[in-house]
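See structure below.
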Amino acid sequence: MKVDFEMLKERDRIAGLYRLLSIYNGLVVFLMAGFMSITQEKIIQSMSARSFLETLPIVPLPAGKGFSLSMGSFFVLVLLGHLYRRDTLSDMMRYLVFLAEITACMLLMRSLNLAYDGVVLLVVADLMHRYQGKNQSWLLVGAMFGLYCIANYNLAIFQGHVAPFDAYTSYYKSSVQAILIAVKNGFVSLNIILFVSYLVLLVQSKHQEKERIASLNTQLGEANERLRIYAIEAERMAETRERNRLAREIHDTLGHALTGIAAGLDACLVLVDAAPEAAKKQMAKIRETARRGIVDVRRSVEKLRPDDLEKLPLRHAIARMVAEFAESSNMKIRVIALGWPDNLREDEEEVIYRVVQEGITNANQHGKATEATVTIGTEPGRNYIIIADNGHGCEDVEPGFGLRHMQERLDLLHGRLRYWSDNGFTLEATIPAGTRREENE
Amino acid sequence: MRGDVKRQLLLLAVALLLLLAGMLAYQQQKTVELRVGVFAGSNWDVPDGDSYAVVEAAIKRFEAKHPGVKVTYVSGIKKEDYSEWLAEKLLAGEEPDVFVVPGTDFNMYAAMGALQDLSDFGNQDKQFSWDVYYPAALDYGRYDGRAYGLPVTSVPTLMFVNKTLLAREGIAIPGNDWTWQDFLEICRRVTKDTDGDGVLDQFGFYDYDWKLAVVTNGVELFREDGRASYFASSRMEEAVQFLLQLHNAQRGREVTAKDFDMGRVAFRPFTFAEYRTYKPYPWRIKKYSSFEWDCIKLPAGPSGDNVSNLQTMLMGMSAKSGHRELAWLLLKEICYAPESQQLMLTKTQGLPSRRDVVEADTSQALFAANAPGCEEMNLRVVSEVMERAVMQPRFKGYDEAMLRANNELQQVITGIVPFNNSLNKLQKEINAYLQQ
């Protein structure tokens with residue numbers, strides 16, 4: 001936050017200096033154009049137009065026109081400069097704007113009779129503002145060179161086609177002339193000073209920005225390294241937790257059974273000679289315990305094995321689940337895929353998987369069906385699953401735990417569940433599609 | 001942000017369009033007004049009573065041909081103020097569409113681009129031909145090979161002859177093919193002290209200078225591009241020698257205008273305008289009433305001919321005129337239309353710049369009727385002079401170079417500086433000036 005604040009302050013300072021440069025140039029343009037216009041008017045009034053014209057290579061613009069042309073082209077220049085600095089412009093537009101800016105600059109210089117070329121620096125300031133880094137340095141050098149040439153070309157081409165500033169000053173007394181020339185040179189010098197300070201500030205700020213970016217980069221690298229260490233640690237912790245779970249599971253099932261068996265066998269050892277009948281009974285109990293232990297172990301192993309859905313894509317998981325179910329229940333189940341929804345979220349996949357699982361279980365258990373068809377498809381805006389069986393169905397469906405559970409799962413996804421009996425029982429579930437993209441937007 | 005930029009651009013575009021539409025509407029609303037810049041009085045520094053007659057007649061005809069166009073001019077600007085007036089108008093951007101260009105300002109305004117180049121207008125206009133003008137008159141309005149002004153009226157320089165004085169001395173009036181030698185001889189013969197008081201009181205010439213000698217001896221003073229001069233040429237030497245001899249014939253006495261007015265001088269170069277003004281009534285009574293006089297061609301030098309220089313009054317078009325096509329038509333109406341050109345004969349002291357108008361039979365009759373006392377002047381002879389008139393060079397430093405040369409040559413001719421090597425020296429000097 002502190003860095004940002006400093007950067008903003010810096011940027012404000014640069015913008016302020018640029019504004020100062022613009023205003024200063026505007027003032028100079030105003031004064032120069034005004035001076036020449038007023039002098040021209042005075043020359044007309046003092047009836048020395050003929051001798052004034054004799055010193056000029058061209059007929060200058062009328063006083064009012066010349067003044068408005070100067071001020072007008074200056075405002076256009078400033079407006080274009082403002083546009084050029086906008087970040088929202090496309091590259092093509094930016095070049096066009098810059099070209100227009102140069103044209104306005106040339107027009108302005110011409111309308112000021114080339115007496116003041118400081119406005120070129122204003123254009124250079126704009127150009128510098130856009131300077132991004134090393135890869136653009138050649139471009140920048142090229143553009144600067146071009147501007148220099150334009151300014152000189154301007155001078156060379158138009159030199160013989162403008163009324164020189166000296167012709168205007170020579171209207172006044174020589175003591176006044178000296179002052180006028182000194183003031184004009186002062187204007188130029190002050191403009192250069194302003195421009196150089198602007199440039200220094202700009203370069204400084206660019207440099208600082210670069211440094212800030214470098215420091216941010218290091219920080220980012222450090223954070224990355226830390227994250228990697230955390231990840232390794234987290235993995236190790238998960239491993240430990242899993243190990244603990246296994247240990248607990250073994251302890252709870254196998255340990256429990258083996259403890260029982262060991263204790264039972266101790267009792268048998270005591271009883272086997274004194275009461276062989278009781279020992280036999282006891283051993284039967286032990287066998288029962290061992291069997292239960294085996295079941296428990298199996299269940300535990302089953303619990304530890306990952307679900308199909310976790311390790312397989314949804315499509316294969318459903319196929320495998322349906323196949324396994326068909327085999328164990330002797331049902332004939334067909335899966336028709338009219339289109340596989342893609343881009344599904346994990347929870348959506350889970351819901352689809354469970355709906356199919358629950359649906360075929362219901363068909364088997366409640367409908368006593370021998371055949372079932374699972375249809376999965378997509379339509380614009382939604383995905384649907386239809387499970388139809390040939391069981392006896394029922395007139396009034398009393399939603400049991402299974403259906404209600406399904407309904408709840410679907411509700412979470414703003415889905416819908418419908419079911420009815422005709423030739424058997426049919427169940428239809430729809431899930432709105434495309435939610436993922438919208439959420440991302 | 002993006003929307004913001006677009007809106008700004010749109011606003012700018014709309015503002016520009018509105019401005020353009022407004023300007024167009026304003027332009028259409030206005031009836032076309034053409035302005036003409038002319039001065040009062042004659043271009044030839046002679047009294048002139050009806051100075052706007054030609055322009056007014058042309059405007060009348062033009063307005064009749066182009067309804068909806070109004071032509072105006074400011075009257076009352078004196079000739080001596082006109083140059084400054086025009087400069088002020090140019091500087092204020094309010095110059096007339098069509099205006100008289102003073103001869104001294106022509107080069108400057110043509111070089112500045114204040115004058116519209118008329119070459120293309122003339123070349124493309126099928127009802128216009130450059131060839132009807134006297135070449136020297138047309139050339140007067142050329143700069144750098146392009147035409148920037150059309151001749152309105154021209155005057156050649158002739159030689160005034162004091163018939164009474166010559167008759168008294170028993171000398172026949174020279175013919176139009178006379179030479180420098182004739183001129184010199186007559187001057188030597190008439191220069192004398194008539195009343196015997198020991199002071200010369202009768203002279204050969206007044207106001208004849210080296211520039212006229214240059215013209216009549218076929219001297220080419222400058223290279224075409226104006227970067228070199230030929231003051232040291234043999235023809236120039238002849239001219240200067242001739243003037244030295246003429247000067248010696250006066251025996252060191254400076255002849256004045258008063259001597260001339262008193263009828264004590266035999267010859268004086270006279271412009272046609274002066275002839276036209278002072279020959280008829282009423283001026284003939286006021287001036288030169290004590291003697292009979294007439295005008296003949298200038299004497300020819302050994303390498304030259306009985307030619308003359310030609311002064312021409314030009315009109316040009318403003319390069320910033322908003323109605324150039326119309327302005328061209330108006331310019332043509334004033335400078336080219338035969339009606340206008342003929343009016344020059346009757347209403348002004350100058351001559352038409354169109355050869356065909358000067359040579360027309362009707363012109364001679366009109367001229368005779370409007371200038372009683374000038375009957376003897378044959379316009380065909382004048383036309384001959386104008387046709388072969390020498391073209392004045394047109395380049396930037398011409399006036400200044402001639403001024404410098406005049407200062408030097410005056411000193412040579414009056415004998416202050418020896419002749420020996422002076423022309424070579426002068427040529428070097430002038431070349432140095434032209435090449436800087």
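Here's how to read the names in the structure tokens: chain A, B, ... by the order shown, residue numbers from 1 in each chain, ligand numbers from 1 in the order shown.
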Handout entry: Spatial neighbours of His129 in chain A, max dist 10 Å, only C-alpha atoms, sep filter under 4 positions, as a list in words
Key =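 Final neighbour list, sorted by chain and number: Ile14, Ala15, Tyr18, Tyr84, Arg85, Val123, Val124, Ala125, Tyr198, Leu199, Leu202, Val203 and Lys206 of chain A.
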Handout entry: Distance query Leu417 in chain A at most 8 Å, only C-alpha atoms, self and fewer than 4 positions along chain excluded, as a list in words
Key = Gln407, Leu410, Leu427, Glu428, Ala429 and Thr430 of chain A
Problem - Selection near Cys394 in chain A, 12 Å with only C-alpha atoms, sequence-local residues under 6 positions removed, as a list of chain:residue names - result: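 The residues that qualify are A:Ala363, A:His366, A:Gly367, A:Lys368, A:Tyr419, A:Trp420, A:Ser421, A:Asp422, A:Asn423, A:Gly424, A:Phe425, A:Thr426.
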Exercise for the section: Excluding Asn406 in chain B and any residue of its chain fewer than 6 positions from it, enumerate the residues within 12 Å of it, using only C-alpha atoms, and give them as a VMD selection string. Expected result: chain B and resid 209 to 211 231 240 399 to 400 412 to 414 423 426 430
Keeping only N, CA and C atoms, take the residues you just selected and write them out as a PDB file, in the first residue's frame.
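Writing the result to again_0.pdb gives the following:
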ATOM      1  N   ASP B 209      18.803  61.460 -70.170  1.00  0.00           N
ATOM      2  CA  ASP B 209      19.819  60.808 -69.332  1.00  0.00           C
ATOM      3  C   ASP B 209      20.333  59.514 -69.962  1.00  0.00           C
ATOM      4  N   TRP B 210      21.286  58.940 -69.313  1.00  0.00           N
ATOM      5  CA  TRP B 210      21.978  57.753 -69.849  1.00  0.00           C
ATOM      6  C   TRP B 210      21.046  56.569 -70.040  1.00  0.00           C
ATOM      7  N   LYS B 211      19.944  56.524 -69.258  1.00  0.00           N
ATOM      8  CA  LYS B 211      19.038  55.375 -69.380  1.00  0.00           C
ATOM      9  C   LYS B 211      18.366  55.378 -70.744  1.00  0.00           C
ATOM     10  N   PHE B 231      27.849  46.300 -67.808  1.00  0.00           N
ATOM     11  CA  PHE B 231      28.099  47.744 -67.912  1.00  0.00           C
ATOM     12  C   PHE B 231      29.346  48.054 -68.720  1.00  0.00           C
ATOM     13  N   VAL B 240      27.824  56.099 -72.986  1.00  0.00           N
ATOM     14  CA  VAL B 240      28.409  57.023 -72.009  1.00  0.00           C
ATOM     15  C   VAL B 240      29.229  58.100 -72.707  1.00  0.00           C
ATOM     16  N   ASP B 399      15.928  47.671 -59.136  1.00  0.00           N
ATOM     17  CA  ASP B 399      15.821  49.097 -58.798  1.00  0.00           C
ATOM     18  C   ASP B 399      17.064  49.583 -58.074  1.00  0.00           C
ATOM     19  N   GLU B 400      17.502  48.768 -57.117  1.00  0.00           N
ATOM     20  CA  GLU B 400      18.670  49.138 -56.333  1.00  0.00           C
ATOM     21  C   GLU B 400      19.921  49.200 -57.213  1.00  0.00           C
ATOM     22  N   VAL B 412      30.540  60.272 -63.678  1.00  0.00           N
ATOM     23  CA  VAL B 412      31.373  60.144 -64.882  1.00  0.00           C
ATOM     24  C   VAL B 412      30.920  61.168 -65.913  1.00  0.00           C
ATOM     25  N   ILE B 413      29.591  61.253 -66.133  1.00  0.00           N
ATOM     26  CA  ILE B 413      29.058  62.104 -67.189  1.00  0.00           C
ATOM     27  C   ILE B 413      29.314  63.575 -66.898  1.00  0.00           C
ATOM     28  N   THR B 414      29.217  63.968 -65.650  1.00  0.00           N
ATOM     29  CA  THR B 414      29.456  65.369 -65.310  1.00  0.00           C
ATOM     30  C   THR B 414      30.943  65.654 -65.167  1.00  0.00           C
ATOM     31  N   LEU B 423      33.769  52.169 -66.290  1.00  0.00           N
ATOM     32  CA  LEU B 423      32.698  51.195 -66.574  1.00  0.00           C
ATOM     33  C   LEU B 423      33.056  49.802 -66.057  1.00  0.00           C
ATOM     34  N   LEU B 426      32.513  49.886 -62.439  1.00  0.00           N
ATOM     35  CA  LEU B 426      31.082  49.885 -62.136  1.00  0.00           C
ATOM     36  C   LEU B 426      30.503  48.469 -62.293  1.00  0.00           C
ATOM     37  N   ILE B 430      28.555  46.417 -59.455  1.00  0.00           N
ATOM     38  CA  ILE B 430      27.156  45.989 -59.595  1.00  0.00           C
ATOM     39  C   ILE B 430      27.059  44.458 -59.526  1.00  0.00           C
TER      40      ILE B 430
END
Handout entry: Contact set, chain B to chain A: 9 Å, only C-alpha atoms, as a count of residues only
Key = 22
Problem - Given only C-alpha atoms as the counted atoms, nearest of A:Ala388, A:Met283, A:Leu127, A:Met32 to Arg94 in chain A - result: A:Leu127
Residues of range 252-372 of chain A in alpha helix (DSSP H) according to DSSP, as a short mmCIF file (atom, residue, chain, number, x, y, z; two decimals) with N, CA and C atoms, in the first residue's frame?
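Printed below is part-v2.cif as written:
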data_model
loop_
_atom_site.label_atom_id
_atom_site.label_comp_id
_atom_site.auth_asym_id
_atom_site.auth_seq_id
_atom_site.Cartn_x
_atom_site.Cartn_y
_atom_site.Cartn_z
N HIS A 256 -9.76 -55.80 17.63
CA HIS A 256 -10.89 -56.15 18.48
C HIS A 256 -11.20 -57.64 18.36
N ALA A 257 -11.28 -58.11 17.07
CA ALA A 257 -11.60 -59.51 16.85
C ALA A 257 -10.52 -60.41 17.44
N LEU A 258 -9.25 -60.05 17.14
CA LEU A 258 -8.16 -60.90 17.63
C LEU A 258 -8.11 -60.93 19.15
N THR A 259 -8.38 -59.79 19.79
CA THR A 259 -8.40 -59.75 21.26
C THR A 259 -9.46 -60.71 21.80
N GLY A 260 -10.68 -60.59 21.12
CA GLY A 260 -11.78 -61.48 21.53
C GLY A 260 -11.40 -62.93 21.36
N ILE A 261 -10.79 -63.23 20.20
CA ILE A 261 -10.42 -64.61 19.92
C ILE A 261 -9.38 -65.10 20.93
N ALA A 262 -8.40 -64.26 21.19
CA ALA A 262 -7.35 -64.65 22.14
C ALA A 262 -7.94 -64.94 23.53
N ALA A 263 -8.88 -64.03 23.98
CA ALA A 263 -9.49 -64.22 25.30
C ALA A 263 -10.32 -65.49 25.32
N GLY A 264 -11.08 -65.74 24.23
CA GLY A 264 -11.92 -66.93 24.12
C GLY A 264 -11.07 -68.19 24.16
N LEU A 265 -9.93 -68.14 23.43
CA LEU A 265 -9.07 -69.31 23.39
C LEU A 265 -8.49 -69.59 24.78
N ASP A 266 -8.17 -68.54 25.52
CA ASP A 266 -7.68 -68.73 26.91
C ASP A 266 -8.72 -69.49 27.72
N ALA A 267 -9.99 -69.05 27.56
CA ALA A 267 -11.06 -69.72 28.30
C ALA A 267 -11.16 -71.17 27.87
N CYS A 268 -11.03 -71.44 26.59
CA CYS A 268 -11.09 -72.79 26.06
C CYS A 268 -10.02 -73.67 26.69
N LEU A 269 -8.80 -73.10 26.77
CA LEU A 269 -7.70 -73.88 27.35
C LEU A 269 -8.04 -74.34 28.75
N VAL A 270 -8.73 -73.50 29.50
CA VAL A 270 -9.12 -73.87 30.87
C VAL A 270 -10.23 -74.90 30.82
N LEU A 271 -11.18 -74.69 29.94
CA LEU A 271 -12.38 -75.51 29.95
C LEU A 271 -12.17 -76.86 29.27
N VAL A 272 -11.19 -76.94 28.31
CA VAL A 272 -11.16 -78.09 27.43
C VAL A 272 -11.08 -79.44 28.16
N ASP A 273 -10.40 -79.45 29.32
CA ASP A 273 -10.30 -80.71 30.05
C ASP A 273 -11.49 -80.91 30.97
N ALA A 274 -11.87 -79.84 31.71
CA ALA A 274 -12.93 -79.97 32.71
C ALA A 274 -14.29 -80.07 32.04
N PRO A 276 -15.53 -80.28 28.34
CA PRO A 276 -15.34 -80.22 26.88
C PRO A 276 -16.54 -79.65 26.13
N GLU A 277 -17.74 -79.88 26.69
CA GLU A 277 -18.93 -79.34 26.02
C GLU A 277 -18.93 -77.82 26.00
N ALA A 278 -18.67 -77.31 27.20
CA ALA A 278 -18.62 -75.82 27.32
C ALA A 278 -17.54 -75.25 26.42
N ALA A 279 -16.41 -75.99 26.35
CA ALA A 279 -15.31 -75.50 25.48
C ALA A 279 -15.75 -75.45 24.03
N LYS A 280 -16.49 -76.52 23.63
CA LYS A 280 -16.98 -76.53 22.26
C LYS A 280 -17.83 -75.31 21.97
N LYS A 281 -18.79 -75.03 22.96
CA LYS A 281 -19.66 -73.85 22.80
C LYS A 281 -18.84 -72.57 22.65
N GLN A 282 -17.87 -72.57 23.55
CA GLN A 282 -17.00 -71.37 23.53
C GLN A 282 -16.31 -71.22 22.18
N MET A 283 -15.83 -72.34 21.62
CA MET A 283 -15.11 -72.27 20.35
C MET A 283 -16.03 -71.83 19.20
N ALA A 284 -17.29 -72.29 19.35
CA ALA A 284 -18.25 -71.81 18.34
C ALA A 284 -18.37 -70.30 18.37
N LYS A 285 -18.42 -69.78 19.63
CA LYS A 285 -18.48 -68.30 19.77
C LYS A 285 -17.25 -67.64 19.16
N ILE A 286 -16.08 -68.30 19.41
CA ILE A 286 -14.83 -67.74 18.88
C ILE A 286 -14.88 -67.70 17.35
N ARG A 287 -15.39 -68.82 16.79
CA ARG A 287 -15.47 -68.86 15.33
C ARG A 287 -16.34 -67.71 14.81
N GLU A 288 -17.46 -67.52 15.57
CA GLU A 288 -18.36 -66.42 15.19
C GLU A 288 -17.62 -65.09 15.22
N THR A 289 -16.87 -64.91 16.27
CA THR A 289 -16.11 -63.67 16.40
C THR A 289 -15.12 -63.50 15.25
N ALA A 290 -14.44 -64.60 14.93
CA ALA A 290 -13.46 -64.54 13.82
C ALA A 290 -14.13 -64.17 12.53
N ARG A 291 -15.32 -64.83 12.30
CA ARG A 291 -16.03 -64.50 11.05
C ARG A 291 -16.41 -63.03 10.98
N ARG A 292 -16.95 -62.58 12.17
CA ARG A 292 -17.31 -61.15 12.19
C ARG A 292 -16.10 -60.26 11.91
N GLY A 293 -15.00 -60.74 12.48
CA GLY A 293 -13.74 -60.01 12.24
C GLY A 293 -13.41 -59.95 10.76
N ILE A 294 -13.60 -61.10 10.08
CA ILE A 294 -13.28 -61.12 8.65
C ILE A 294 -14.16 -60.12 7.91
N VAL A 295 -15.49 -60.16 8.30
CA VAL A 295 -16.42 -59.22 7.65
C VAL A 295 -15.98 -57.78 7.89
N ASP A 296 -15.63 -57.53 9.16
CA ASP A 296 -15.18 -56.17 9.49
C ASP A 296 -13.97 -55.77 8.68
N VAL A 297 -13.02 -56.71 8.59
CA VAL A 297 -11.79 -56.39 7.83
C VAL A 297 -12.15 -56.08 6.38
N ARG A 298 -13.06 -56.94 5.85
CA ARG A 298 -13.45 -56.69 4.46
C ARG A 298 -14.05 -55.31 4.28
N ARG A 299 -14.96 -55.03 5.30
CA ARG A 299 -15.63 -53.72 5.18
C ARG A 299 -14.62 -52.57 5.25
N SER A 300 -13.68 -52.75 6.13
CA SER A 300 -12.66 -51.70 6.28
C SER A 300 -11.88 -51.53 4.99
N VAL A 301 -11.50 -52.70 4.42
CA VAL A 301 -10.73 -52.62 3.18
C VAL A 301 -11.55 -51.90 2.10
N GLU A 302 -12.84 -52.35 2.10
CA GLU A 302 -13.75 -51.71 1.13
C GLU A 302 -13.78 -50.20 1.32
N LYS A 303 -13.86 -49.79 2.60
CA LYS A 303 -13.96 -48.37 2.91
C LYS A 303 -12.70 -47.61 2.49
N LEU A 304 -11.56 -48.33 2.60
CA LEU A 304 -10.29 -47.67 2.27
C LEU A 304 -10.09 -47.54 0.77
N ASP A 308 -15.06 -45.45 -7.41
CA ASP A 308 -14.80 -45.41 -8.85
C ASP A 308 -14.77 -43.98 -9.36
N LEU A 309 -15.75 -43.21 -8.81
CA LEU A 309 -15.90 -41.83 -9.29
C LEU A 309 -14.64 -41.00 -9.07
N GLU A 310 -13.90 -41.40 -7.99
CA GLU A 310 -12.72 -40.61 -7.68
C GLU A 310 -11.60 -40.88 -8.65
N LYS A 311 -11.57 -42.13 -9.14
CA LYS A 311 -10.41 -42.45 -9.97
C LYS A 311 -10.69 -42.51 -11.46
N LEU A 314 -16.32 -39.60 -15.20
CA LEU A 314 -17.72 -39.85 -14.87
C LEU A 314 -18.31 -40.93 -15.77
N ARG A 315 -18.03 -40.81 -17.03
CA ARG A 315 -18.60 -41.72 -18.03
C ARG A 315 -18.23 -43.17 -17.71
N HIS A 316 -16.93 -43.39 -17.45
CA HIS A 316 -16.47 -44.76 -17.16
C HIS A 316 -16.95 -45.22 -15.82
N ALA A 317 -16.99 -44.32 -14.86
CA ALA A 317 -17.43 -44.68 -13.51
C ALA A 317 -18.87 -45.18 -13.56
N ILE A 318 -19.74 -44.46 -14.30
CA ILE A 318 -21.14 -44.86 -14.39
C ILE A 318 -21.24 -46.23 -15.09
N ALA A 319 -20.45 -46.36 -16.19
CA ALA A 319 -20.50 -47.63 -16.92
C ALA A 319 -20.12 -48.79 -16.01
N ARG A 320 -19.01 -48.58 -15.28
CA ARG A 320 -18.57 -49.67 -14.41
C ARG A 320 -19.60 -49.97 -13.33
N MET A 321 -20.13 -48.91 -12.71
CA MET A 321 -21.10 -49.09 -11.62
C MET A 321 -22.32 -49.85 -12.12
N VAL A 322 -22.83 -49.44 -13.31
CA VAL A 322 -24.00 -50.08 -13.87
C VAL A 322 -23.70 -51.55 -14.17
N ALA A 323 -22.52 -51.80 -14.74
CA ALA A 323 -22.16 -53.18 -15.10
C ALA A 323 -22.10 -54.06 -13.86
N GLU A 324 -21.43 -53.53 -12.82
CA GLU A 324 -21.31 -54.32 -11.58
C GLU A 324 -22.66 -54.62 -10.99
N PHE A 325 -23.55 -53.55 -11.03
CA PHE A 325 -24.88 -53.73 -10.45
C PHE A 325 -25.67 -54.77 -11.23
N ALA A 326 -25.57 -54.70 -12.56
CA ALA A 326 -26.31 -55.65 -13.39
C ALA A 326 -25.87 -57.07 -13.10
N GLU A 327 -24.59 -57.21 -12.95
CA GLU A 327 -24.07 -58.57 -12.70
C GLU A 327 -24.59 -59.14 -11.39
N SER A 328 -24.59 -58.29 -10.33
CA SER A 328 -24.98 -58.82 -9.03
C SER A 328 -26.47 -58.99 -8.89
N SER A 329 -27.28 -58.27 -9.73
CA SER A 329 -28.72 -58.33 -9.53
C SER A 329 -29.45 -59.03 -10.68
N GLU A 346 -17.25 -30.90 -9.92
CA GLU A 346 -17.18 -32.16 -9.16
C GLU A 346 -18.51 -32.49 -8.52
N ASP A 347 -19.17 -31.48 -7.95
CA ASP A 347 -20.43 -31.77 -7.25
C ASP A 347 -21.51 -32.19 -8.24
N GLU A 348 -21.48 -31.62 -9.44
CA GLU A 348 -22.45 -32.02 -10.45
C GLU A 348 -22.23 -33.48 -10.86
N GLU A 349 -20.95 -33.82 -11.07
CA GLU A 349 -20.63 -35.22 -11.42
C GLU A 349 -21.15 -36.16 -10.33
N GLU A 350 -20.90 -35.78 -9.09
CA GLU A 350 -21.31 -36.59 -7.94
C GLU A 350 -22.81 -36.81 -7.96
N VAL A 351 -23.57 -35.71 -8.19
CA VAL A 351 -25.03 -35.81 -8.18
C VAL A 351 -25.49 -36.75 -9.29
N ILE A 352 -24.92 -36.60 -10.49
CA ILE A 352 -25.34 -37.46 -11.61
C ILE A 352 -25.06 -38.93 -11.26
N TYR A 353 -23.88 -39.16 -10.72
CA TYR A 353 -23.47 -40.53 -10.36
C TYR A 353 -24.44 -41.14 -9.34
N ARG A 354 -24.76 -40.32 -8.33
CA ARG A 354 -25.64 -40.84 -7.26
C ARG A 354 -27.05 -41.04 -7.76
N VAL A 355 -27.53 -40.14 -8.66
CA VAL A 355 -28.88 -40.28 -9.18
C VAL A 355 -29.00 -41.61 -9.92
N VAL A 356 -28.02 -41.91 -10.75
CA VAL A 356 -28.05 -43.17 -11.50
C VAL A 356 -28.02 -44.35 -10.54
N GLN A 357 -27.10 -44.27 -9.57
CA GLN A 357 -26.94 -45.37 -8.61
C GLN A 357 -28.24 -45.63 -7.85
N GLU A 358 -28.82 -44.51 -7.34
CA GLU A 358 -30.05 -44.62 -6.55
C GLU A 358 -31.19 -45.13 -7.41
N GLY A 359 -31.25 -44.58 -8.66
CA GLY A 359 -32.33 -44.94 -9.57
C GLY A 359 -32.36 -46.42 -9.87
N ILE A 360 -31.23 -47.00 -10.20
CA ILE A 360 -31.26 -48.43 -10.55
C ILE A 360 -31.45 -49.29 -9.32
N THR A 361 -30.96 -48.84 -8.18
CA THR A 361 -31.19 -49.59 -6.94
C THR A 361 -32.69 -49.64 -6.65
N ASN A 362 -33.37 -48.47 -6.78
CA ASN A 362 -34.81 -48.40 -6.55
C ASN A 362 -35.54 -49.33 -7.50
N ALA A 363 -35.15 -49.31 -8.78
CA ALA A 363 -35.82 -50.14 -9.77
C ALA A 363 -35.74 -51.60 -9.37
N ASN A 364 -34.60 -51.98 -8.87
CA ASN A 364 -34.41 -53.37 -8.47
C ASN A 364 -35.19 -53.69 -7.21
N GLN A 365 -35.04 -52.81 -6.19
CA GLN A 365 -35.59 -53.15 -4.88
C GLN A 365 -37.10 -52.98 -4.83
#
Handout entry: Residue neighbourhood Leu108 in chain A, 12 Å, only C-alpha atoms, exclusion window fewer than 3 positions, as a PyMOL selection string
Key = chain A and resi 25-26+29-30+32-33+66-78+101-105+111-120+151+154
Can I get the selection written as a PDB file, in the first residue's frame, with C-alpha atoms?
ATOM      1  CA  ASN A  25       3.770  27.165 -23.505  1.00  0.00           C
ATOM      2  CA  GLY A  26       0.204  28.362 -23.891  1.00  0.00           C
ATOM      3  CA  VAL A  29       2.168  31.348 -27.516  1.00  0.00           C
ATOM      4  CA  PHE A  30      -0.479  33.793 -26.338  1.00  0.00           C
ATOM      5  CA  MET A  32       4.045  36.003 -28.878  1.00  0.00           C
ATOM      6  CA  ALA A  33       0.962  35.814 -31.085  1.00  0.00           C
ATOM      7  CA  GLY A  66      -2.939  35.022 -37.191  1.00  0.00           C
ATOM      8  CA  PHE A  67      -3.681  35.260 -33.492  1.00  0.00           C
ATOM      9  CA  SER A  68      -6.659  32.904 -33.624  1.00  0.00           C
ATOM     10  CA  LEU A  69      -4.756  30.448 -35.810  1.00  0.00           C
ATOM     11  CA  SER A  70      -1.931  30.346 -33.283  1.00  0.00           C
ATOM     12  CA  MET A  71      -4.209  29.919 -30.290  1.00  0.00           C
ATOM     13  CA  GLY A  72      -6.448  27.461 -32.142  1.00  0.00           C
ATOM     14  CA  SER A  73      -3.615  25.218 -33.235  1.00  0.00           C
ATOM     15  CA  PHE A  74      -2.165  25.360 -29.740  1.00  0.00           C
ATOM     16  CA  PHE A  75      -5.432  24.153 -28.211  1.00  0.00           C
ATOM     17  CA  VAL A  76      -5.692  21.394 -30.788  1.00  0.00           C
ATOM     18  CA  LEU A  77      -2.120  20.416 -29.929  1.00  0.00           C
ATOM     19  CA  VAL A  78      -2.911  20.244 -26.216  1.00  0.00           C
ATOM     20  CA  GLU A 101      -0.086  16.268 -33.048  1.00  0.00           C
ATOM     21  CA  ILE A 102       3.049  16.815 -35.123  1.00  0.00           C
ATOM     22  CA  THR A 103       0.958  18.459 -37.835  1.00  0.00           C
ATOM     23  CA  ALA A 104      -0.656  20.783 -35.312  1.00  0.00           C
ATOM     24  CA  CYS A 105       2.793  21.580 -33.949  1.00  0.00           C
ATOM     25  CA  SER A 111       1.559  30.641 -37.576  1.00  0.00           C
ATOM     26  CA  LEU A 112       3.995  32.018 -34.989  1.00  0.00           C
ATOM     27  CA  ASN A 113       6.378  32.839 -37.861  1.00  0.00           C
ATOM     28  CA  LEU A 114       8.852  30.284 -36.467  1.00  0.00           C
ATOM     29  CA  ALA A 115       9.652  32.774 -33.743  1.00  0.00           C
ATOM     30  CA  TYR A 116       9.107  30.163 -31.021  1.00  0.00           C
ATOM     31  CA  ASP A 117       9.989  26.500 -31.416  1.00  0.00           C
ATOM     32  CA  GLY A 118       9.481  25.486 -27.773  1.00  0.00           C
ATOM     33  CA  VAL A 119       6.270  23.668 -28.615  1.00  0.00           C
ATOM     34  CA  VAL A 120       8.342  20.919 -30.219  1.00  0.00           C
ATOM     35  CA  ALA A 151      11.586  20.997 -36.784  1.00  0.00           C
ATOM     36  CA  ASN A 154      10.100  23.304 -40.985  1.00  0.00           C
TER      37      ASN A 154
END
